[in-house]
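Below: the structure, in structure tokens.
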Amino acid sequence: MHDTRSADSPRESVRHPLFARVYLRTVKGRLPRGEEEHRRKLLAGLAGRVLELGAGSGVNLRFYPASVEHVLAVEPEPLLRAECRKSAAKAPVPVTVVDGVSGRLPADDQSLDGAVVSLVLCSVPDQERALAELRRVLRPDGELRFYEHVVAEGALAASLQRLADAVLWPRLAGGCHLGRDTAAALEQSGFTIERCERIAFSPGPPVPPLPHILGVARPGGVG
């Protein structure tokens, strides 16, 4: 029997009920469009104790390899966390689902072998703080697996993304930002990017393909 305990705090951290419902309707449809391959690649070869930040409905949980001893799935949105518990019960590895926020991860310093961020660094309130927390909880030889949509390379497309961020998009999409340069943020936060693949992916019409990055980073020494 896998560990699917919950450890909610008395006060819920984040509430985006409308966005959560839209997400639940669309996330499964993304997998056959190529995202299943991306998520499998994201998690392949992970081992030991792993934290997944922003686990959502638990769509990644089925893809964790047997070499992973335990997953601490952190999800602050109540509706998504409830769905994540259902996914945890069917996962091939032990999973504990908890409430928690990116700026204060529920894990001790240098206690984890791996961390996973999957389409979440676009929406954390403070990306620098979230990355600092991920560095804090990872062992110096640990690894951060990332799969994130990022700012476009072309100047016009990047300008349009940042305009959308300034005007309306984050309020519609649960805090998501289209124009974040997450690869640069990783390096500025002290991570060393070991592997990074740039890909284009669309969840389906009418959304155009968005630039994504998929790869591995190491925390090095934690200051």
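Here's how to read the names in the structure tokens: chain A, B, ... by the order shown, residue numbers from 1 in each chain, ligand numbers from 1 in the order shown.
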Could you give me, as a tab-separated table, every range 45-75 of chain A residue with an atom at most 8 Å from range 106-113 of chain A, plus its closest atom pair and distance in Å to one decimal, counting only C-alpha atoms, rows ordered by chain then number?
residue	atom	partner	partner_atom	distance
A:Ala47	CA	A:Asp113	CA	7.1
A:Gly48	CA	A:Asp113	CA	5.7
A:Arg49	CA	A:Asp113	CA	5.3
A:Val50	CA	A:Leu112	CA	5.9
A:Leu51	CA	A:Leu112	CA	7.2
For the selection you just gave me, I'd like the residues written to a file as an mmCIF file, in the first residue's frame, keeping C-alpha atoms.
data_model
loop_
_atom_site.group_PDB
_atom_site.id
_atom_site.type_symbol
_atom_site.label_atom_id
_atom_site.label_comp_id
_atom_site.auth_asym_id
_atom_site.auth_seq_id
_atom_site.Cartn_x
_atom_site.Cartn_y
_atom_site.Cartn_z
ATOM 1 C CA ALA A 47 15.783 8.374 -7.795
ATOM 2 C CA GLY A 48 15.478 8.717 -4.049
ATOM 3 C CA ARG A 49 13.275 11.231 -2.265
ATOM 4 C CA VAL A 50 11.641 13.815 -4.522
ATOM 5 C CA LEU A 51 9.506 16.928 -4.037
#
All residues 6 Å or closer to range 80-83 of chain A, only C-alpha atoms, same chain fewer than 5 positions away omitted, as an MDAnalysis selection string: chainID A and resid 56:57 75
Residues of range 85-220 of chain A classed as strand (DSSP E or B) by DSSP on the backbone are to be reported as a ChimeraX atom specification. /A:95-98,101,104,112-118,138-149,192-201,210-218
Taking only range 9-206 of chain A into account, list the residues labelled alpha helix (DSSP H) by DSSP (computed from the backbone), as a PyMOL selection string. chain A and resi 17-30+35-43+78-89+127-137+155-167+169-172+182-188
Give me, as JSON, numbers by chain, all polymer residues having an atom no more than 9 Å from Leu43 in chain A, counting only C-alpha atoms and skipping those fewer than 2 positions away in the same chain. {"A": [38, 39, 40, 41, 45, 46, 60, 63, 64, 65, 116, 145]}
What does the structure give for the distance between CA of Val120 in chain A and CA of Gly54 in chain A, in Å to one decimal?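 Distance reported for this atom pair: 5.9 Å.
Between Ser189 in chain A and the residues A:Ala130, A:Ala55, A:Leu105, A:Leu138, the shortest atom-to-atom distance, using only C-alpha atoms, involves A:Ala130.
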Residue among A:Ala157, A:Leu53, A:Leu210, A:Leu72 lying closest to Glu133 in chain A, counting only C-alpha atoms: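 Using only C-alpha atoms, Glu133 in chain A sits closest to A:Leu53.
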Which is closest to Gly215 in chain A among A:His149, A:Arg135, A:Arg195, A:His70, if we use only C-alpha atoms?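 Nearest candidate to Gly215 in chain A out of A:His149, A:Arg135, A:Arg195, A:His70: A:Arg195.
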What does the structure give for the distance between CA of Thr192 in chain A and CA of Val68 in chain A, in Å to one decimal?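 Rounded to one decimal, the two atoms are 22.5 Å apart.
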Residue nearest His177 in chain A among A:Gln127, A:Ser202, A:Leu156, A:Glu143 (counting only C-alpha atoms):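 Closest to His177 in chain A of all the choices is A:Gln127.
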